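What follows is a set of notes on a single structure, which appears directly below.
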Amino acid sequence: MIILIRVLKKANINKTEIVTIRLLAIFLALLTSTLFILFLGHNPIKVYLSMLDGSFGSVYRFKETIIKTIPLVITSLGILVAFKMKFWNIGGEGQIYMGAFLSSFIALRFSEIPRPLLLMLMIIAGIIGGGLWALIPAIFKAKYGTNETLFTLMLNYIAIKWITYLQYGPWKDPNALGFPKIPNFSDNATLPKLFGIHIGWLIAIILVMLIYIFMHHTKRGYEISVIGESENTGRYAGMDVKKVIITAMIISGGLCGLTGMIQSSAVNNTLSVELSGGIGYTAIIITWLSSLNALLIPLVSFLFAILVQGGAYIQTAFQIPQSAAQILQGLILMFVLGSEFLVNYRLVLDKSKTALRKGV
Amino acid sequence: MDKKTLIEISSITKTFGKVIANKNVSLKFTSGEIHSILGENGAGKSTLMNMLSGIYTPDSGSIFVKGKKIKFNLPKDSINMGIGMIHQHFKLVDILTAKENIIAGQRGNFFVNGKKLSKEIKEISEKYGLDISPDKKVYDMSVAEKQRLEILKVLYRGADILILDEPTAVLTPQETEGLFNIIRKMKAAGCSVIIITHKLNEVMEISDKITVLRKGEVVDTVNKKDVNTKELADMMVGRSIDLSIDRVETDKRENILELSEVKAVRNDNTRALDKISFRIHSGEILGVAGVAGSGQKELCEAIAGLYPITCGEIVYKGMSIVGRNPREIIKMGISMSFVPEDRLGMGLIASMDIVDNILLKEYQDQKGVFISRKPASVKANRIVEKLNIDTPDINHTVRKLSGGNIQKVLLGREIETNPSLIITAYPARGLDIGAAYTVYDLLNEQKQKGVGILFIGEDLDVLMELCDRIVVMCEGKITGIVDAKTVTKEDLGFMMAGESLRIRNDNLD
């Protein structure tokens, strides 16, 4: 007897089913992680508890979790604007680096001008850097219909290699005893703190509201949603489709670039190739899991930050190597994303023994 | 001939969420019989047939094929039981030949015995009068040829039960006659032929038995000889209805739109429109007849500013609108409404609610960066009330409305802009009889107000009753402009097939 599994598209999808599938996915992910932790010789429950401990156990740890949430929120908002238009911007990572690059240029070049002015300039530079990097694929998409997925992805590598070149070459700090690093920013180029955490958190909250208003209560936001659903409808209603694509991508890239500025100024205090470390990719997942809803992004970002922060903590607490902690994160992502498939498709067992013989 | 029951459906029920698509349906299909399934849109015809062809599985009830109880999980299962479905949209590979399409997806040897195959195909095609050249590529075929190929394909796979879904929608009257001859031959050969349709006249012409479905339930199964068209229509709708369409008379006749020598090409450089010239007057419904794909879509989009034309002139009340996009046309003060064929792909946004869809045509008139949904909500309420749209509220997603209500939202929005020209493509497609008549009434109402209407239609009966004049198109050319009151269906058919001999030039204006 031959049993094949066939994939069929679901005719209709109901909400409770989606929620059940997602919850089940998280449960299965934890189950698999449990097996993995057992395999490493640790007590899974202890490991999970200390992940929470690592994220919430002290004021310092909690602050760290918030600091890890901020860039995820802002980048996800940028990705959201593009995804609403069904422009698959996989280039958040590169846009973060190019934003960081341009704002670092200002920070290093004009390190002595007054703090508010310098920070303002850096913010603008960050937005421009990311925005321009996103503009390139946007123009090609608008004019020639180029596939943006590969285009934005490839631009990531170019951006990262460009930063590497600067770090090991022209921007290398002469005072670092030959160590390949870019000089630290001056105090004037560092974002101030508010309630003990750099002010990025306030920027993030404001941006969540702004993007929500932009998408729901402005003409351009409406146009982005319409074109995302159907370019033909956009043309039919007399929209300038190319212009909408380009502005949306400048906003998308600009927000990613702003993340780069915040990370380099407030967190790393300099520019480096390790600046982002995958924020641009994680943001894609966060945006997707938030169902493209700006108000859900902070929550989902926070959950991801716990994963990152807790993962870092168990490395030291249990002497689990860093890669093992990343495997845990990867497992959860894989299950949750994999479950998306079951949201849209169903599997059917095809016991086609008779069918095989009867084939004409 | 010895008649036996090939399929027996016994009390099948299928629901999608809260929607009951089929309820307690019991039917029998017999060999050597042509059985029409008649019903309005949403009556459950397609769901029922999709269960027979293995696309859906019933929630309860059972299906017996040739005396055997079966449970289909996959389309393949039903093909193996000898059930062949001819879908409305053909499932053929354009760049392959007829022969290659027939064997595609078949299990068999690694090598193809070309000669044997050709011989088998020839046998089947002679038996049923399916005129096909096995080595012709699909892209070279006419629609009728493609349909014959689809039929041949399922016959080759051993089907003796054929399900045809709206088979005449894409055919000229003459081609329809050809198809009916083929169907009669299949009947004579002992096949069971099931035709899904909503065209009453054709049902009366071809069927032996007719089953009428309404709201998922079988109203009745009758023998053709015992009923007439009117009775069938009443059964379909569930109440007594008047099947005639009014042609209102108007006297105001000024020129609104004039096309002269308009040409356009498709992406692949084939001709989409060839020297199209005609005029539309105020207070007139100008019909466009033609087999699907004769350039109707391009014609509408060219006038609406969505399709580039290569030469010619389009003049609206003395202003040339060539080369302008829809926005510019609106800005010129031209009040033109285009109700596209593709309602959810172009006219409306399926995933948005009624208000956001009304907003589509008015947000650009708002000042500033922000958008206000208030005026659109007011309009939405007005349209819902005026056109009697069946929706829980104006914030209901358009996708979840029925076809007729979706069309009312689209038409309502366009009429709300007070246009002096309406271009509408297949406005009654997919609508049930009641909704279709509402649409015709709305168009007549606009006509009386002095609006010029370009009506792209597919049902010749409707075109001949509703329109004042009819433009007939074939392969991008106009083969005739005729008076709808005097033209015959046969003449229209000849012109649709490309014969322009019978042009009546006296009606060109």
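Within each chain, counting starts at residue 1; across the structure tokens, chains are named A, B, ... in the order shown, with ligands numbered 1 upward in that order.
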
Quick one: which chain B residues come within 9 Å of chain A, and what is the nearest atom pair for each with the distance in Å to one decimal, counting only C-alpha atoms, rows ordered by chain and ascending number, as JSON lines?
```
{"residue": "B:Phe16", "atom": "CA", "partner": "A:Asn12", "partner_atom": "CA", "distance": 7.4}
{"residue": "B:Gly17", "atom": "CA", "partner": "A:Asn14", "partner_atom": "CA", "distance": 8.1}
{"residue": "B:Asn73", "atom": "CA", "partner": "A:Asp350", "partner_atom": "CA", "distance": 7.5}
{"residue": "B:Leu74", "atom": "CA", "partner": "A:Asp350", "partner_atom": "CA", "distance": 8.1}
{"residue": "B:Lys76", "atom": "CA", "partner": "A:Ala355", "partner_atom": "CA", "distance": 7.9}
{"residue": "B:Asp77", "atom": "CA", "partner": "A:Ala355", "partner_atom": "CA", "distance": 6.7}
{"residue": "B:Asn80", "atom": "CA", "partner": "A:Lys358", "partner_atom": "CA", "distance": 6.6}
{"residue": "B:Gln106", "atom": "CA", "partner": "A:Val360", "partner_atom": "CA", "distance": 7.2}
{"residue": "B:Arg107", "atom": "CA", "partner": "A:Gly359", "partner_atom": "CA", "distance": 6.2}
{"residue": "B:Gly108", "atom": "CA", "partner": "A:Val360", "partner_atom": "CA", "distance": 7.7}
{"residue": "B:Tyr156", "atom": "CA", "partner": "A:Val360", "partner_atom": "CA", "distance": 8.8}
{"residue": "B:Arg157", "atom": "CA", "partner": "A:Val360", "partner_atom": "CA", "distance": 6.2}
{"residue": "B:Gly158", "atom": "CA", "partner": "A:Val360", "partner_atom": "CA", "distance": 7.4}
{"residue": "B:Ala304", "atom": "CA", "partner": "A:Tyr236", "partner_atom": "CA", "distance": 8.2}
{"residue": "B:Gly305", "atom": "CA", "partner": "A:Tyr236", "partner_atom": "CA", "distance": 8.6}
{"residue": "B:Leu306", "atom": "CA", "partner": "A:Tyr236", "partner_atom": "CA", "distance": 7.0}
{"residue": "B:Asn325", "atom": "CA", "partner": "A:Gly238", "partner_atom": "CA", "distance": 6.6}
{"residue": "B:Pro326", "atom": "CA", "partner": "A:Gly238", "partner_atom": "CA", "distance": 4.8}
{"residue": "B:Arg327", "atom": "CA", "partner": "A:Gly238", "partner_atom": "CA", "distance": 4.2}
{"residue": "B:Glu328", "atom": "CA", "partner": "A:Gly238", "partner_atom": "CA", "distance": 7.7}
{"residue": "B:Ile329", "atom": "CA", "partner": "A:Gly238", "partner_atom": "CA", "distance": 8.9}
{"residue": "B:Ile330", "atom": "CA", "partner": "A:Gly238", "partner_atom": "CA", "distance": 8.5}
{"residue": "B:Phe338", "atom": "CA", "partner": "A:Tyr236", "partner_atom": "CA", "distance": 8.6}
{"residue": "B:Leu344", "atom": "CA", "partner": "A:Thr233", "partner_atom": "CA", "distance": 8.5}
{"residue": "B:Gly345", "atom": "CA", "partner": "A:Ser230", "partner_atom": "CA", "distance": 6.3}
{"residue": "B:Met346", "atom": "CA", "partner": "A:Thr233", "partner_atom": "CA", "distance": 4.1}
{"residue": "B:Gly347", "atom": "CA", "partner": "A:Thr233", "partner_atom": "CA", "distance": 5.9}
{"residue": "B:Leu348", "atom": "CA", "partner": "A:Thr233", "partner_atom": "CA", "distance": 6.6}
{"residue": "B:Ile349", "atom": "CA", "partner": "A:Glu229", "partner_atom": "CA", "distance": 6.6}
{"residue": "B:Ala350", "atom": "CA", "partner": "A:Glu229", "partner_atom": "CA", "distance": 8.0}
{"residue": "B:Ser351", "atom": "CA", "partner": "A:Glu229", "partner_atom": "CA", "distance": 7.7}
{"residue": "B:Met352", "atom": "CA", "partner": "A:Val226", "partner_atom": "CA", "distance": 8.7}
{"residue": "B:Asp356", "atom": "CA", "partner": "A:Tyr222", "partner_atom": "CA", "distance": 8.7}
{"residue": "B:Leu360", "atom": "CA", "partner": "A:Ala237", "partner_atom": "CA", "distance": 6.2}
{"residue": "B:Lys361", "atom": "CA", "partner": "A:Ala237", "partner_atom": "CA", "distance": 6.1}
{"residue": "B:Tyr363", "atom": "CA", "partner": "A:Lys219", "partner_atom": "CA", "distance": 7.0}
{"residue": "B:Gln364", "atom": "CA", "partner": "A:Lys219", "partner_atom": "CA", "distance": 7.7}
{"residue": "B:Gln366", "atom": "CA", "partner": "A:Lys219", "partner_atom": "CA", "distance": 8.9}
{"residue": "B:Gly368", "atom": "CA", "partner": "A:Lys219", "partner_atom": "CA", "distance": 8.5}
{"residue": "B:Val369", "atom": "CA", "partner": "A:Thr218", "partner_atom": "CA", "distance": 5.7}
{"residue": "B:Phe370", "atom": "CA", "partner": "A:Thr218", "partner_atom": "CA", "distance": 4.0}
{"residue": "B:Ile371", "atom": "CA", "partner": "A:Thr218", "partner_atom": "CA", "distance": 4.8}
{"residue": "B:Ser372", "atom": "CA", "partner": "A:His217", "partner_atom": "CA", "distance": 7.2}
{"residue": "B:Arg373", "atom": "CA", "partner": "A:His217", "partner_atom": "CA", "distance": 8.6}
```

(Q) Can you tell me which residues surround Asn269 of chain A at a distance of at most 9 Å, considering only C-alpha atoms, apart from same-chain residues fewer than 4 positions away, and format the answer as a list in words? (A) Pro183, Asn184, Phe185, Ser186, Asp187, Ala189, Thr190, Gln263, Ser264 and Ser265 of chain A

Print the selection's residues with all heavy atoms to a file, as a PDB file, in the first residue's frame.
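out_8.pdb, written as the output of this step:
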```pdb
ATOM      1  N   PRO A 183      36.457  54.422  15.739  1.00  0.00           N
ATOM      2  CA  PRO A 183      36.513  55.167  17.006  1.00  0.00           C
ATOM      3  C   PRO A 183      35.138  55.329  17.652  1.00  0.00           C
ATOM      4  O   PRO A 183      34.129  55.383  16.959  1.00  0.00           O
ATOM      5  CB  PRO A 183      37.053  56.538  16.590  1.00  0.00           C
ATOM      6  CG  PRO A 183      37.672  56.348  15.264  1.00  0.00           C
ATOM      7  CD  PRO A 183      37.030  55.171  14.625  1.00  0.00           C
ATOM      8  N   ASN A 184      35.148  55.415  18.994  1.00  0.00           N
ATOM      9  CA  ASN A 184      33.890  55.653  19.707  1.00  0.00           C
ATOM     10  C   ASN A 184      33.367  57.052  19.421  1.00  0.00           C
ATOM     11  O   ASN A 184      34.139  57.956  19.106  1.00  0.00           O
ATOM     12  CB  ASN A 184      34.097  55.494  21.210  1.00  0.00           C
ATOM     13  CG  ASN A 184      34.090  54.023  21.599  1.00  0.00           C
ATOM     14  OD1 ASN A 184      33.856  53.147  20.761  1.00  0.00           O
ATOM     15  ND2 ASN A 184      34.354  53.771  22.872  1.00  0.00           N
ATOM     16  N   PHE A 185      32.050  57.195  19.554  1.00  0.00           N
ATOM     17  CA  PHE A 185      31.443  58.512  19.355  1.00  0.00           C
ATOM     18  C   PHE A 185      31.763  59.397  20.552  1.00  0.00           C
ATOM     19  O   PHE A 185      31.991  58.909  21.663  1.00  0.00           O
ATOM     20  CB  PHE A 185      29.916  58.390  19.234  1.00  0.00           C
ATOM     21  CG  PHE A 185      29.440  57.696  17.982  1.00  0.00           C
ATOM     22  CD1 PHE A 185      28.076  57.477  17.785  1.00  0.00           C
ATOM     23  CD2 PHE A 185      30.337  57.286  16.997  1.00  0.00           C
ATOM     24  CE1 PHE A 185      27.623  56.844  16.643  1.00  0.00           C
ATOM     25  CE2 PHE A 185      29.879  56.651  15.851  1.00  0.00           C
ATOM     26  CZ  PHE A 185      28.524  56.425  15.670  1.00  0.00           C
ATOM     27  N   SER A 186      31.684  60.704  20.314  1.00  0.00           N
ATOM     28  CA  SER A 186      31.830  61.646  21.426  1.00  0.00           C
ATOM     29  C   SER A 186      30.545  61.608  22.253  1.00  0.00           C
ATOM     30  O   SER A 186      29.523  61.079  21.808  1.00  0.00           O
ATOM     31  CB  SER A 186      32.052  63.052  20.876  1.00  0.00           C
ATOM     32  OG  SER A 186      30.899  63.467  20.172  1.00  0.00           O
ATOM     33  N   ASP A 187      30.596  62.178  23.454  1.00  0.00           N
ATOM     34  CA  ASP A 187      29.395  62.206  24.298  1.00  0.00           C
ATOM     35  C   ASP A 187      28.258  62.945  23.606  1.00  0.00           C
ATOM     36  O   ASP A 187      27.093  62.621  23.789  1.00  0.00           O
ATOM     37  CB  ASP A 187      29.699  62.890  25.634  1.00  0.00           C
ATOM     38  CG  ASP A 187      30.505  61.962  26.527  1.00  0.00           C
ATOM     39  OD1 ASP A 187      30.570  60.748  26.189  1.00  0.00           O
ATOM     40  OD2 ASP A 187      31.067  62.438  27.525  1.00  0.00           O
ATOM     41  N   ALA A 189      27.432  62.832  20.647  1.00  0.00           N
ATOM     42  CA  ALA A 189      26.772  62.005  19.636  1.00  0.00           C
ATOM     43  C   ALA A 189      26.042  60.819  20.255  1.00  0.00           C
ATOM     44  O   ALA A 189      25.634  59.909  19.558  1.00  0.00           O
ATOM     45  CB  ALA A 189      27.787  61.527  18.608  1.00  0.00           C
ATOM     46  N   THR A 190      25.891  60.822  21.587  1.00  0.00           N
ATOM     47  CA  THR A 190      25.219  59.706  22.254  1.00  0.00           C
ATOM     48  C   THR A 190      23.816  60.127  22.678  1.00  0.00           C
ATOM     49  O   THR A 190      23.643  61.178  23.297  1.00  0.00           O
ATOM     50  CB  THR A 190      26.014  59.284  23.504  1.00  0.00           C
ATOM     51  OG1 THR A 190      27.363  59.094  23.117  1.00  0.00           O
ATOM     52  CG2 THR A 190      25.474  57.987  24.071  1.00  0.00           C
ATOM     53  N   GLN A 263      21.043  52.377  17.328  1.00  0.00           N
ATOM     54  CA  GLN A 263      21.944  51.334  17.812  1.00  0.00           C
ATOM     55  C   GLN A 263      23.389  51.833  17.889  1.00  0.00           C
ATOM     56  O   GLN A 263      24.092  51.567  18.846  1.00  0.00           O
ATOM     57  CB  GLN A 263      21.875  50.092  16.904  1.00  0.00           C
ATOM     58  CG  GLN A 263      20.557  49.347  16.957  1.00  0.00           C
ATOM     59  CD  GLN A 263      20.154  48.922  18.349  1.00  0.00           C
ATOM     60  OE1 GLN A 263      19.418  49.632  19.025  1.00  0.00           O
ATOM     61  NE2 GLN A 263      20.642  47.776  18.806  1.00  0.00           N
ATOM     62  N   SER A 264      23.824  52.556  16.851  1.00  0.00           N
ATOM     63  CA  SER A 264      25.223  52.999  16.854  1.00  0.00           C
ATOM     64  C   SER A 264      25.433  54.079  17.906  1.00  0.00           C
ATOM     65  O   SER A 264      26.458  54.102  18.585  1.00  0.00           O
ATOM     66  CB  SER A 264      25.637  53.487  15.467  1.00  0.00           C
ATOM     67  OG  SER A 264      24.818  54.571  15.068  1.00  0.00           O
ATOM     68  N   SER A 265      24.454  54.967  18.078  1.00  0.00           N
ATOM     69  CA  SER A 265      24.640  56.072  19.009  1.00  0.00           C
ATOM     70  C   SER A 265      24.445  55.629  20.458  1.00  0.00           C
ATOM     71  O   SER A 265      25.291  55.878  21.313  1.00  0.00           O
ATOM     72  CB  SER A 265      23.649  57.191  18.664  1.00  0.00           C
ATOM     73  OG  SER A 265      23.505  58.076  19.744  1.00  0.00           O
TER      74      SER A 265
END
```

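A straight line drawn from atom CA of Ile102 of chain B to atom CA of Phe64 of chain B is 27.5 Å long.
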
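Proximity to Leu299 of chain A at 12 Å, evaluated using only C-alpha atoms and with sequence-adjacent residues fewer than 6 positions away removed, yields Ile66, Thr69, Ile70, Leu72, Val73, Ser76, Ile205, Val208, Ile286, Thr287, Leu289, Ser290, Asn293, Ala305 and Ile306 of chain A.
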
- Find the spatial neighbours of segment 287-296 of chain B, counting only C-alpha atoms, within a cut-off of 7 Å - ignore same-chain residues fewer than 4 positions away - and output them as a PyMOL selection string. chain B and resi 170-172+272-273+300+454-458+463+467+469-476+496

Go ahead and write the residues just picked, C-alpha atoms, as an mmCIF file, in the first residue's frame.
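Once written, again30.cif looks like this:
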```cif
data_model
loop_
_atom_site.group_PDB
_atom_site.id
_atom_site.type_symbol
_atom_site.label_atom_id
_atom_site.label_comp_id
_atom_site.auth_asym_id
_atom_site.auth_seq_id
_atom_site.Cartn_x
_atom_site.Cartn_y
_atom_site.Cartn_z
ATOM 1 C CA VAL B 170 -17.488 31.654 -24.339
ATOM 2 C CA LEU B 171 -19.150 30.535 -27.570
ATOM 3 C CA THR B 172 -20.964 32.224 -30.442
ATOM 4 C CA ALA B 272 -6.034 44.150 -29.371
ATOM 5 C CA LEU B 273 -8.034 46.895 -31.057
ATOM 6 C CA CYS B 300 -13.158 49.697 -21.965
ATOM 7 C CA LEU B 454 -21.481 51.537 -23.062
ATOM 8 C CA PHE B 455 -22.647 48.072 -22.125
ATOM 9 C CA ILE B 456 -20.356 45.117 -22.766
ATOM 10 C CA GLY B 457 -22.565 42.068 -22.664
ATOM 11 C CA GLU B 458 -22.409 38.339 -23.233
ATOM 12 C CA LEU B 463 -28.222 42.856 -25.394
ATOM 13 C CA CYS B 467 -29.663 48.215 -25.803
ATOM 14 C CA ARG B 469 -27.681 49.885 -30.792
ATOM 15 C CA ILE B 470 -25.182 47.023 -30.725
ATOM 16 C CA VAL B 471 -21.550 47.140 -31.783
ATOM 17 C CA VAL B 472 -20.287 43.687 -32.731
ATOM 18 C CA MET B 473 -16.600 42.953 -32.242
ATOM 19 C CA CYS B 474 -14.439 40.146 -33.503
ATOM 20 C CA GLU B 475 -10.705 39.893 -32.932
ATOM 21 C CA GLY B 476 -10.379 43.568 -32.098
ATOM 22 C CA MET B 496 -19.299 37.727 -33.886
#
```

**Message:** I'd like the contact shell of Asp459 of chain B - 10 Å cut-off, only C-alpha atoms, skipping same-chain residues fewer than 6 positions apart - returned as a PyMOL selection string.
**Reply:** chain B and resi 169+199+289-290+426+428-429

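Residue nearest Trp171 of chain A, chosen from A:Met85, A:Ile79, A:Ala134, A:Leu271 and counting only C-alpha atoms: A:Leu271.
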